[in-house]
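**Student:** Handing over my_file.pdb, PDB, C-alpha atoms.
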```
ATOM      1  CA  MET A   1     144.504 198.747 -14.909
ATOM      2  CA  ARG A   2     144.040 200.993 -11.918
ATOM      3  CA  ARG A   3     144.613 198.365  -9.313
ATOM      4  CA  LEU A   4     147.008 198.738  -6.417
ATOM      5  CA  CYS A   5     149.231 196.178  -4.799
ATOM      6  CA  LEU A   6     147.373 194.936  -1.709
ATOM      7  CA  ALA A   7     149.758 192.224  -0.646
ATOM      8  CA  MET A   8     150.578 192.381   3.033
ATOM      9  CA  CYS A   9     154.182 193.168   3.830
ATOM     10  CA  MET A  10     155.048 189.968   5.578
ATOM     11  CA  VAL A  11     158.215 189.764   7.599
ATOM     12  CA  VAL A  12     160.279 186.904   6.228
ATOM     13  CA  SER A  13     162.806 185.382   8.586
ATOM     14  CA  VAL A  14     165.295 182.569   8.127
ATOM     15  CA  MET A  15     166.162 180.513  11.149
ATOM     16  CA  SER A  16     169.796 179.519  11.475
ATOM     17  CA  LEU A  17     171.526 177.918  14.428
ATOM     18  CA  GLY A  18     168.970 179.261  16.912
ATOM     19  CA  GLY A  19     169.037 182.779  15.460
ATOM     20  CA  CYS A  20     167.652 184.765  12.555
ATOM     21  CA  LEU A  21     169.319 186.115   9.453
ATOM     22  CA  SER A  22     168.643 189.692   8.460
ATOM     23  CA  MET A  23     170.255 192.367   6.316
ATOM     24  CA  PHE A  24     172.395 193.097   9.378
ATOM     25  CA  GLY A  25     173.596 189.514   9.755
ATOM     26  CA  GLU A  26     172.540 186.950  12.301
ATOM     27  CA  ILE A  27     170.451 188.227  15.198
ATOM     28  CA  SER A  28     169.113 186.430  18.238
ATOM     29  CA  GLU A  29     165.599 185.054  18.483
ATOM     30  CA  GLU A  30     164.890 187.625  21.192
ATOM     31  CA  GLU A  31     166.054 190.532  19.028
ATOM     32  CA  HIS A  32     164.059 189.237  16.078
ATOM     33  CA  ALA A  33     160.928 189.133  18.258
ATOM     34  CA  GLU A  34     161.593 192.634  19.579
ATOM     35  CA  ARG A  35     161.863 194.022  16.047
ATOM     36  CA  THR A  36     158.829 192.277  14.594
ATOM     37  CA  LEU A  37     156.385 191.673  17.459
ATOM     38  CA  MET A  38     154.574 193.666  20.111
ATOM     39  CA  SER A  39     152.004 192.950  22.802
ATOM     40  CA  VAL A  40     148.397 192.810  21.646
ATOM     41  CA  ASN A  41     147.660 194.858  24.772
ATOM     42  CA  GLU A  42     149.506 197.804  23.223
ATOM     43  CA  TYR A  43     148.915 197.276  19.518
ATOM     44  CA  THR A  44     146.772 199.913  17.811
ATOM     45  CA  GLY A  45     147.919 199.405  14.210
ATOM     46  CA  GLU A  46     150.261 202.382  14.099
ATOM     47  CA  GLU A  47     153.080 200.129  12.860
ATOM     48  CA  TYR A  48     150.989 198.498  10.112
ATOM     49  CA  ARG A  49     152.506 198.757   6.640
ATOM     50  CA  LEU A  50     151.771 197.498   3.121
ATOM     51  CA  ARG A  51     154.347 196.400   0.591
ATOM     52  CA  GLY A  52     155.204 199.169  -1.830
ATOM     53  CA  GLY A  53     153.695 201.867   0.342
ATOM     54  CA  GLN A  54     156.841 203.696   1.437
ATOM     55  CA  ALA A  55     156.473 206.340  -1.274
ATOM     56  CA  THR A  56     152.872 207.197  -0.409
ATOM     57  CA  ASN A  57     152.525 206.568   3.317
ATOM     58  CA  ASP A  58     153.612 210.065   4.398
ATOM     59  CA  LEU A  59     151.475 211.607   1.657
ATOM     60  CA  ALA A  60     148.477 209.567   2.847
ATOM     61  CA  GLN A  61     148.811 211.176   6.275
ATOM     62  CA  GLU A  62     149.296 214.648   4.812
ATOM     63  CA  LEU A  63     146.293 214.266   2.496
ATOM     64  CA  PHE A  64     144.099 212.471   5.032
ATOM     65  CA  PRO A  65     141.297 215.101   5.005
ATOM     66  CA  ASP A  66     140.989 214.762   1.214
ATOM     67  CA  ILE A  67     141.103 210.967   1.467
ATOM     68  CA  GLU A  68     138.432 211.011   4.150
ATOM     69  CA  GLU A  69     136.101 213.182   2.089
ATOM     70  CA  ALA A  70     136.544 211.111  -1.083
ATOM     71  CA  VAL A  71     136.096 207.728   0.595
ATOM     72  CA  GLN A  72     133.041 208.823   2.552
ATOM     73  CA  ALA A  73     131.466 210.083  -0.664
ATOM     74  CA  PHE A  74     132.295 206.789  -2.383
ATOM     75  CA  PHE A  75     130.536 204.703   0.276
ATOM     76  CA  ARG A  76     127.502 206.976   0.367
ATOM     77  CA  GLU A  77     127.124 206.770  -3.410
ATOM     78  CA  GLU A  78     127.973 203.116  -3.985
ATOM     79  CA  TYR A  79     126.670 201.486  -0.792
ATOM     80  CA  LYS A  80     124.224 204.019   0.725
ATOM     81  CA  THR A  81     126.297 203.889   3.892
ATOM     82  CA  ASP A  82     127.976 206.515   6.032
ATOM     83  CA  VAL A  83     131.421 205.462   7.221
ATOM     84  CA  ILE A  84     134.074 206.613   9.654
ATOM     85  CA  VAL A  85     137.483 206.740   7.998
ATOM     86  CA  HIS A  86     139.898 205.476  10.639
ATOM     87  CA  ASN A  87     143.188 205.019   8.838
ATOM     88  CA  ALA A  88     144.961 205.444   5.498
ATOM     89  CA  VAL A  89     148.061 203.342   4.850
ATOM     90  CA  GLY A  90     150.396 203.850   1.928
ATOM     91  CA  ALA A  91     150.199 201.221  -0.812
ATOM     92  CA  SER A  92     151.734 200.970  -4.266
ATOM     93  CA  GLY A  93     150.456 204.051  -6.096
ATOM     94  CA  GLY A  94     148.021 205.160  -3.442
ATOM     95  CA  ALA A  95     146.563 204.303  -0.057
ATOM     96  CA  THR A  96     144.455 201.557   1.460
ATOM     97  CA  VAL A  97     141.772 203.162   3.600
ATOM     98  CA  PHE A  98     140.194 201.388   6.575
ATOM     99  CA  VAL A  99     136.610 202.340   7.385
ATOM    100  CA  GLU A 100     133.834 201.458   9.809
ATOM    101  CA  SER A 101     130.155 201.836   9.011
ATOM    102  CA  VAL A 102     128.095 204.185  11.143
ATOM    103  CA  GLY A 103     125.349 202.400  13.061
ATOM    104  CA  GLU A 104     123.727 199.313  11.552
ATOM    105  CA  PRO A 105     124.528 197.326   9.533
ATOM    106  CA  HIS A 106     127.846 197.427  11.345
ATOM    107  CA  PHE A 107     131.009 196.314   9.562
ATOM    108  CA  HIS A 108     134.666 197.146   8.925
ATOM    109  CA  THR A 109     136.072 197.142   5.413
ATOM    110  CA  PHE A 110     138.453 199.057   3.157
ATOM    111  CA  ALA A 111     138.735 201.013  -0.064
ATOM    112  CA  ILE A 112     141.713 202.044  -2.180
ATOM    113  CA  ILE A 113     142.414 205.554  -3.401
ATOM    114  CA  PRO A 114     145.129 206.402  -5.956
ATOM    115  CA  ILE A 115     147.518 209.236  -5.112
ATOM    116  CA  ASP A 116     149.203 211.469  -7.671
ATOM    117  CA  THR A 117     152.591 211.686  -5.986
ATOM    118  CA  GLU A 118     154.008 214.196  -8.462
ATOM    119  CA  ASN A 119     151.268 216.729  -7.792
ATOM    120  CA  LYS A 120     150.594 215.584  -4.223
ATOM    121  CA  ARG A 121     146.868 215.084  -4.645
ATOM    122  CA  VAL A 122     144.409 212.243  -4.274
ATOM    123  CA  ARG A 123     142.471 211.030  -7.281
ATOM    124  CA  ALA A 124     139.091 211.203  -5.590
ATOM    125  CA  GLU A 125     137.229 210.181  -8.732
ATOM    126  CA  ASP A 126     139.049 206.828  -8.849
ATOM    127  CA  VAL A 127     138.290 205.330  -5.424
ATOM    128  CA  TRP A 128     137.690 201.594  -5.744
ATOM    129  CA  THR A 129     137.556 198.393  -3.742
ATOM    130  CA  GLU A 130     138.198 194.729  -4.410
ATOM    131  CA  GLU A 131     135.356 192.897  -6.114
ATOM    132  CA  GLY A 132     132.956 191.467  -3.529
ATOM    133  CA  GLN A 133     134.878 192.851  -0.544
ATOM    134  CA  VAL A 134     132.361 195.459   0.600
ATOM    135  CA  GLU A 135     129.419 193.343  -0.520
ATOM    136  CA  GLN A 136     130.526 190.509   1.746
ATOM    137  CA  SER A 137     131.204 192.898   4.616
ATOM    138  CA  LEU A 138     127.802 194.545   4.211
ATOM    139  CA  PHE A 139     126.073 191.170   4.168
ATOM    140  CA  GLY A 140     127.885 190.172   7.353
ATOM    141  CA  GLY A 141     126.600 193.308   9.041
ATOM    142  CA  LEU A 142     123.066 192.575   7.857
ATOM    143  CA  LEU A 143     123.312 188.993   9.156
ATOM    144  CA  ALA A 144     124.361 190.383  12.532
ATOM    145  CA  MET A 145     121.161 192.440  12.518
ATOM    146  CA  ILE A 146     119.047 189.464  11.491
ATOM    147  CA  MET A 147     120.638 187.175  14.108
ATOM    148  CA  GLU A 148     121.053 189.847  16.730
ATOM    149  CA  ASP A 149     120.367 187.594  19.716
ATOM    150  CA  GLU A 150     122.669 184.813  18.520
ATOM    151  CA  PHE A 151     125.636 187.100  17.932
ATOM    152  CA  LYS A 152     124.984 188.864  21.214
ATOM    153  CA  ALA A 153     125.173 185.487  22.979
ATOM    154  CA  LEU A 154     128.518 184.714  21.343
ATOM    155  CA  GLU A 155     129.911 188.144  22.209
ATOM    156  CA  GLU A 156     128.781 187.928  25.824
ATOM    157  CA  TYR A 157     130.363 184.501  26.196
ATOM    158  CA  LEU A 158     133.716 185.744  24.882
ATOM    159  CA  VAL A 159     133.652 188.913  26.973
ATOM    160  CA  GLY A 160     132.929 186.717  29.992
ATOM    161  CA  LEU A 161     135.968 184.588  29.188
ATOM    162  CA  THR A 162     138.234 187.637  29.293
ATOM    163  CA  LYS A 163     136.943 188.502  32.753
ATOM    164  CA  GLU A 164     137.412 185.018  34.183
ATOM    165  CA  TYR A 165     140.527 183.741  32.391
ATOM    166  CA  PRO A 166     143.850 185.294  31.319
ATOM    167  CA  VAL A 167     142.825 185.930  27.718
ATOM    168  CA  VAL A 168     142.122 189.089  25.718
ATOM    169  CA  GLY A 169     141.082 190.148  22.241
ATOM    170  CA  PHE A 170     142.373 192.883  19.970
ATOM    171  CA  ARG A 171     142.126 196.460  21.137
ATOM    172  CA  GLN A 172     139.243 198.264  19.483
ATOM    173  CA  GLU A 173     141.721 200.758  17.997
ATOM    174  CA  ALA A 174     143.469 197.918  16.168
ATOM    175  CA  VAL A 175     140.162 196.621  14.821
ATOM    176  CA  ASN A 176     139.324 200.102  13.549
ATOM    177  CA  ASN A 177     142.727 200.898  12.088
ATOM    178  CA  VAL A 178     143.901 197.720  10.344
ATOM    179  CA  ILE A 179     141.183 195.066  10.242
ATOM    180  CA  ALA A 180     138.741 194.885   7.345
ATOM    181  CA  SER A 181     136.960 191.596   7.999
ATOM    182  CA  GLY A 182     133.360 192.752   7.763
ATOM    183  CA  TYR A 183     131.329 192.254  10.918
ATOM    184  CA  THR A 184     134.163 192.275  13.436
ATOM    185  CA  THR A 185     134.517 192.542  17.197
ATOM    186  CA  PRO A 186     137.740 192.399  19.235
ATOM    187  CA  TYR A 187     137.094 188.656  19.679
ATOM    188  CA  PHE A 188     135.639 187.321  16.433
ATOM    189  CA  PHE A 189     134.719 188.104  12.852
ATOM    190  CA  ILE A 190     132.375 186.486  10.366
ATOM    191  CA  GLN A 191     132.747 185.707   6.671
ATOM    192  CA  PRO A 192     129.649 184.748   4.691
ATOM    193  CA  LEU A 193     131.196 182.657   1.957
ATOM    194  CA  SER A 194     129.049 181.387  -0.911
ATOM    195  CA  MET A 195     125.681 182.142   0.646
ATOM    196  CA  ASP A 196     122.978 182.360  -2.023
ATOM    197  CA  GLU A 197     121.093 184.996  -0.052
ATOM    198  CA  LEU A 198     123.879 187.610  -0.158
ATOM    199  CA  GLU A 199     122.820 189.517  -3.241
ATOM    200  CA  GLY A 200     119.128 189.604  -2.378
ATOM    201  CA  ILE A 201     119.567 190.718   1.226
ATOM    202  CA  ASN A 202     122.114 193.355   0.234
ATOM    203  CA  GLN A 203     119.726 194.701  -2.395
ATOM    204  CA  LEU A 204     116.987 195.097   0.196
ATOM    205  CA  TYR A 205     119.312 197.370   2.142
ATOM    206  CA  LEU A 206     120.570 199.288  -0.905
ATOM    207  CA  ASP A 207     116.958 199.951  -1.921
ATOM    208  CA  ASN A 208     116.105 201.089   1.615
ATOM    209  CA  PRO A 209     119.016 201.829   3.954
ATOM    210  CA  ASP A 210     116.500 202.425   6.769
ATOM    211  CA  ILE A 211     115.134 198.886   6.504
ATOM    212  CA  ARG A 212     114.191 197.377   9.860
ATOM    213  CA  LYS A 213     115.506 194.114  11.275
ATOM    214  CA  GLU A 214     112.036 192.612  11.272
ATOM    215  CA  GLU A 215     111.729 193.075   7.521
ATOM    216  CA  LEU A 216     115.159 191.616   6.889
ATOM    217  CA  ARG A 217     114.209 188.544   8.920
ATOM    218  CA  GLU A 218     111.207 187.998   6.674
ATOM    219  CA  HIS A 219     113.619 187.441   3.779
ATOM    220  CA  PHE A 220     116.228 185.261   5.484
ATOM    221  CA  ASP A 221     115.578 181.870   7.084
ATOM    222  CA  VAL A 222     118.055 181.399   9.927
ATOM    223  CA  GLU A 223     117.324 177.674   9.984
ATOM    224  CA  SER A 224     117.875 176.859   6.326
ATOM    225  CA  TYR A 225     121.250 178.291   5.294
ATOM    226  CA  GLU A 226     124.230 175.971   5.026
ATOM    227  CA  ALA A 227     126.256 176.206   8.239
ATOM    228  CA  ASN A 228     129.464 175.621   6.271
ATOM    229  CA  ASP A 229     128.804 178.822   4.324
ATOM    230  CA  LEU A 230     128.993 181.072   7.385
ATOM    231  CA  SER A 231     132.570 181.129   8.659
ATOM    232  CA  ILE A 232     133.002 182.482  12.204
ATOM    233  CA  THR A 233     136.567 182.923  13.428
ATOM    234  CA  VAL A 234     137.199 183.374  17.147
ATOM    235  CA  GLU A 235     140.669 184.658  17.984
ATOM    236  CA  LEU A 236     141.971 185.204  21.513
ATOM    237  CA  PHE A 237     145.370 186.033  22.970
ATOM    238  CA  MET A 238     146.973 185.292  26.295
ATOM    239  CA  SER A 239     146.647 188.378  28.455
ATOM    240  CA  GLU A 240     150.292 188.888  29.427
ATOM    241  CA  PRO A 241     153.668 188.843  27.645
ATOM    242  CA  LYS A 242     155.698 185.630  27.954
ATOM    243  CA  MET A 243     152.530 183.550  28.401
ATOM    244  CA  ASP A 244     152.214 180.557  26.082
ATOM    245  CA  PRO A 245     148.775 179.538  24.813
ATOM    246  CA  ASP A 246     147.033 177.625  27.604
ATOM    247  CA  GLU A 247     145.884 174.195  26.438
ATOM    248  CA  GLU A 248     143.249 173.853  29.148
ATOM    249  CA  ILE A 249     141.641 177.157  28.173
ATOM    250  CA  PHE A 250     141.853 176.183  24.509
ATOM    251  CA  ASN A 251     140.118 172.846  25.091
ATOM    252  CA  MET A 252     137.449 174.471  27.243
ATOM    253  CA  VAL A 253     136.576 177.043  24.579
ATOM    254  CA  VAL A 254     136.495 174.376  21.872
ATOM    255  CA  HIS A 255     134.093 172.338  24.009
ATOM    256  CA  ASP A 256     131.910 175.369  24.669
ATOM    257  CA  LEU A 257     131.741 176.288  20.986
ATOM    258  CA  GLU A 258     130.781 172.696  20.216
ATOM    259  CA  THR A 259     127.977 172.531  22.787
ATOM    260  CA  MET A 260     126.665 175.910  23.957
ATOM    261  CA  GLU A 261     123.166 176.913  22.957
ATOM    262  CA  GLY A 262     122.017 180.148  21.421
ATOM    263  CA  ILE A 263     125.029 181.044  19.266
ATOM    264  CA  PRO A 264     124.825 181.407  15.464
ATOM    265  CA  ARG A 265     124.807 178.360  13.261
ATOM    266  CA  GLY A 266     128.048 178.247  11.320
ATOM    267  CA  ALA A 267     131.532 176.832  10.794
ATOM    268  CA  TYR A 268     133.704 177.957  13.710
ATOM    269  CA  ALA A 269     137.467 178.323  13.784
ATOM    270  CA  PHE A 270     139.213 179.044  17.070
ATOM    271  CA  LEU A 271     142.746 180.332  17.554
ATOM    272  CA  LEU A 272     144.420 180.908  20.917
ATOM    273  CA  ARG A 273     147.706 182.783  20.538
ATOM    274  CA  ASP A 274     150.421 184.030  22.827
ATOM    275  CA  ASN A 275     150.373 187.752  23.658
ATOM    276  CA  ASN A 276     152.107 188.927  20.482
ATOM    277  CA  VAL A 277     151.040 190.624  17.280
ATOM    278  CA  ILE A 278     153.205 191.039  14.167
ATOM    279  CA  LYS A 279     153.622 194.802  13.977
ATOM    280  CA  ARG A 280     153.591 195.264  10.213
ATOM    281  CA  THR A 281     150.666 192.967   9.414
ATOM    282  CA  GLY A 282     148.395 193.305  12.440
ATOM    283  CA  THR A 283     148.100 189.530  12.708
ATOM    284  CA  GLY A 284     148.814 187.264  15.639
ATOM    285  CA  ASN A 285     152.202 185.641  16.144
ATOM    286  CA  ASP A 286     152.152 182.647  13.805
ATOM    287  CA  ARG A 287     154.884 180.791  15.687
ATOM    288  CA  ASN A 288     153.073 180.200  18.959
ATOM    289  CA  TYR A 289     149.388 179.343  18.917
ATOM    290  CA  LEU A 290     146.807 176.599  19.249
ATOM    291  CA  ARG A 291     144.102 176.256  16.653
ATOM    292  CA  ARG A 292     140.985 174.403  15.579
ATOM    293  CA  ASN A 293     140.560 175.375  11.965
ATOM    294  CA  THR A 294     140.211 174.085   8.409
ATOM    295  CA  PRO A 295     139.812 171.229   7.623
ATOM    296  CA  ASN A 296     138.461 170.482  11.098
ATOM    297  CA  LYS A 297     136.253 173.442  11.887
ATOM    298  CA  ILE A 298     133.525 173.207  14.520
ATOM    299  CA  ILE A 299     130.282 172.864  12.574
ATOM    300  CA  ARG A 300     127.192 174.065  14.412
ATOM    301  CA  ASP A 301     124.162 173.154  12.327
TER     302      ASP A 301
END
```
Render the structure in this file as structure tokens.
**Tutor:**
Amino acid sequence: MRRLCLAMCMVVSVMSLGGCLSMFGEISEEEHAERTLMSVNEYTGEEYRLRGGQATNDLAQELFPDIEEAVQAFFREEYKTDVIVHNAVGASGGATVFVESVGEPHFHTFAIIPIDTENKRVRAEDVWTEEGQVEQSLFGGLLAMIMEDEFKALEEYLVGLTKEYPVVGFRQEAVNNVIASGYTTPYFFIQPLSMDELEGINQLYLDNPDIRKEELREHFDVESYEANDLSITVELFMSEPKMDPDEEIFNMVVHDLETMEGIPRGAYAFLLRDNNVIKRTGTGNDRNYLRRNTPNKIIRD
């Protein structure tokens, strides 16, 4: 099977007597944080790594032009979509490649390309992606076209929050380089789960990549889909290092997501984190955050 190891390289720490154990012995909590975390304000994804990718990461950078050409050809052929190749990260036997679609439908996703390490070449003919990954991402981008006004309202609300309160989202560079969540902004991403309309709407686009929003709307009823099937995750960070998640801001955003008009129908999760990102995984610090999530999502129906 030509499948690569996609497991994230998670940093495992063991707490002991107020410190952390590592291969170097016990280290302080502060030193552990310094080694594993960095401010979301600075994070661009440069430190992102995948388990098993040490052998191919340098080759992925060296062969980036070949990777770019092969992956762009793959998306044009398989999904009728032009993409920008932002980043290639070594994985077991190859590289995971992070891409962004050009124009609409807009989405971020990934593909995997095997690398022949002995001969230092990419196997362009064997580019692949996880089953359903791009399809879900594409559908999310099409939904954002169909519900353009609703998603614009959500985005404007979150941008407004960052101007009025000490909160921020991811840098756009980080979104481009290490996030593959489909329709994604620095503040939220969407995941259409088991929506029955996915295959049909995607096929409309694949048959006609120039399809207009008005035609897509004729085939998708924004009032009839199950709100639970459209997961919308809002993730914000405190704007400065050393700031803990602010409970008043958290409660205010939860209330707004529960009551504000004009945003998409869906199942909302909200996470407010401190200012830190785990360097190797590109995810927020999982030791210091407030959340409203499964099984108690905010359902807007």
**Student:** Please measure the separation of atom CA of Ser101 of chain A and atom CA of Ile232 of chain A, giving the value in Å to one decimal.
**Tutor:**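 These two atoms are separated by 19.8 Å.
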**Student:** Got a sec to resolve the PyMOL selection byres ((chain A and resi 273-283) around 6) on this structure and send the residues as a compact mmCIF listing (two decimals) with C-alpha atoms, in the frame of the given file?
**Tutor:**
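Just written: result_30.txt:
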```txt
# COMPACT_ATOMS: atom_id res chain seq x y z
CA THR A 36 158.83 192.28 14.59
CA LEU A 37 156.38 191.67 17.46
CA MET A 38 154.57 193.67 20.11
CA SER A 39 152.00 192.95 22.80
CA VAL A 40 148.40 192.81 21.65
CA GLU A 47 153.08 200.13 12.86
CA TYR A 48 150.99 198.50 10.11
CA ARG A 49 152.51 198.76 6.64
CA PHE A 237 145.37 186.03 22.97
CA MET A 238 146.97 185.29 26.30
CA GLU A 240 150.29 188.89 29.43
CA PRO A 241 153.67 188.84 27.64
CA MET A 243 152.53 183.55 28.40
CA ASP A 244 152.21 180.56 26.08
CA PRO A 245 148.78 179.54 24.81
CA LEU A 272 144.42 180.91 20.92
CA GLY A 284 148.81 187.26 15.64
CA ASN A 285 152.20 185.64 16.14
CA TYR A 289 149.39 179.34 18.92
```
**Student:** What do you get, as an mmCIF file with C-alpha atoms, in the coordinates of the input, if you spell out every residue that the PyMOL selection byres ((chain A and resi 193) around 9) selects here?
**Tutor:**
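Saved file expr.cif follows:
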```cif
data_model
loop_
_atom_site.group_PDB
_atom_site.id
_atom_site.type_symbol
_atom_site.label_atom_id
_atom_site.label_comp_id
_atom_site.auth_asym_id
_atom_site.auth_seq_id
_atom_site.Cartn_x
_atom_site.Cartn_y
_atom_site.Cartn_z
ATOM 1 C CA GLN A 136 130.526 190.509 1.746
ATOM 2 C CA GLN A 191 132.747 185.707 6.671
ATOM 3 C CA PRO A 192 129.649 184.748 4.691
ATOM 4 C CA SER A 194 129.049 181.387 -0.911
ATOM 5 C CA MET A 195 125.681 182.142 0.646
ATOM 6 C CA ASN A 228 129.464 175.621 6.271
ATOM 7 C CA ASP A 229 128.804 178.822 4.324
ATOM 8 C CA LEU A 230 128.993 181.072 7.385
ATOM 9 C CA SER A 231 132.570 181.129 8.659
#
```
**Student:** Looking at A:Lys80, A:Arg300, A:Lys242, A:Arg35, which one is nearest to Leu204 of chain A, with distances taken over all atoms listed in the file?
**Tutor:**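 For Leu204 of chain A, the nearest of the candidates is A:Lys80.
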**Student:** My list of candidates is A:Glu226, A:Glu173, A:Glu164, A:Glu62. Which is closest to Ser239 of chain A when distances are computed with all atoms listed in the file?
**Tutor:**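 Once distances to Ser239 of chain A are computed over all atoms listed in the file, the minimum belongs to A:Glu164.
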**Student:** What's around Val254 of chain A at 9 Å? Count all atoms listed in the file, leave out sequence neighbours fewer than 4 positions away in its own chain, and write the answer as a VMD selection string.
**Tutor:** chain A and resid 249 to 250 258 to 259 270 292 298
**Student:** Excluding segment 88-96 of chain A and residues on its chain fewer than 2 positions from it, collect all residues at most 7 Å away from it, counting only C-alpha atoms, and give them as a list in words.
**Tutor:**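 Final neighbour list, sorted by chain and number: Leu4, Cys5, Leu6, Arg49, Leu50, Arg51, Gly52, Gly53, Gln54, Thr56, Asn57, Ala60, Gln61, Phe98, Phe110, Ala111, Ile112, Ile113, Pro114 and Ile115 of chain A.
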**Student:** Evaluated on this file, the PyMOL selection byres ((chain A and resi 81) around 12) picks out some residues - which ones are they, written as an MDAnalysis selection string?
**Tutor:** chainID A and resid 71:80 82:84 99:109 134:135 138 141 202 205:210
**Student:** Given the choices A:Val127, A:Ala267, A:Ile179, A:Val168, which gets closest to Glu42 of chain A if the distance is worked out from all atoms listed in the file?
**Tutor:**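 The closest residue to Glu42 of chain A is A:Val168.
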**Student:** Need the shell around segment 145-151 of chain A: protein/DNA/RNA residues with any atom at most 6 Å away, counting all atoms listed in the file. Skip same-chain ones fewer than 3 positions apart. Format as an mmCIF file with C-alpha atoms, in the coordinates of the input?
**Tutor:**
```cif
data_model
loop_
_atom_site.group_PDB
_atom_site.id
_atom_site.type_symbol
_atom_site.label_atom_id
_atom_site.label_comp_id
_atom_site.auth_asym_id
_atom_site.auth_seq_id
_atom_site.Cartn_x
_atom_site.Cartn_y
_atom_site.Cartn_z
ATOM 1 C CA LEU A 142 123.066 192.575 7.857
ATOM 2 C CA LEU A 154 128.518 184.714 21.343
ATOM 3 C CA LYS A 213 115.506 194.114 11.275
ATOM 4 C CA ARG A 217 114.209 188.544 8.920
ATOM 5 C CA GLY A 262 122.017 180.148 21.421
ATOM 6 C CA ILE A 263 125.029 181.044 19.266
ATOM 7 C CA PRO A 264 124.825 181.407 15.464
#
```
**Student:** Between atom CA of Ile211 of chain A and atom CA of Phe139 of chain A, what is the distance, to one decimal in Å?
**Tutor:**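 Going from atom CA of Ile211 of chain A over to atom CA of Phe139 of chain A, I get 13.6 Å.
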**Student:** Using all atoms listed in the file, which of the listed residues (A:Met252, A:Lys297, A:Leu143, A:Tyr43) sits closest to Val175 of chain A?
**Tutor:**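 Closest to Val175 of chain A, using all atoms listed in the file: A:Tyr43.
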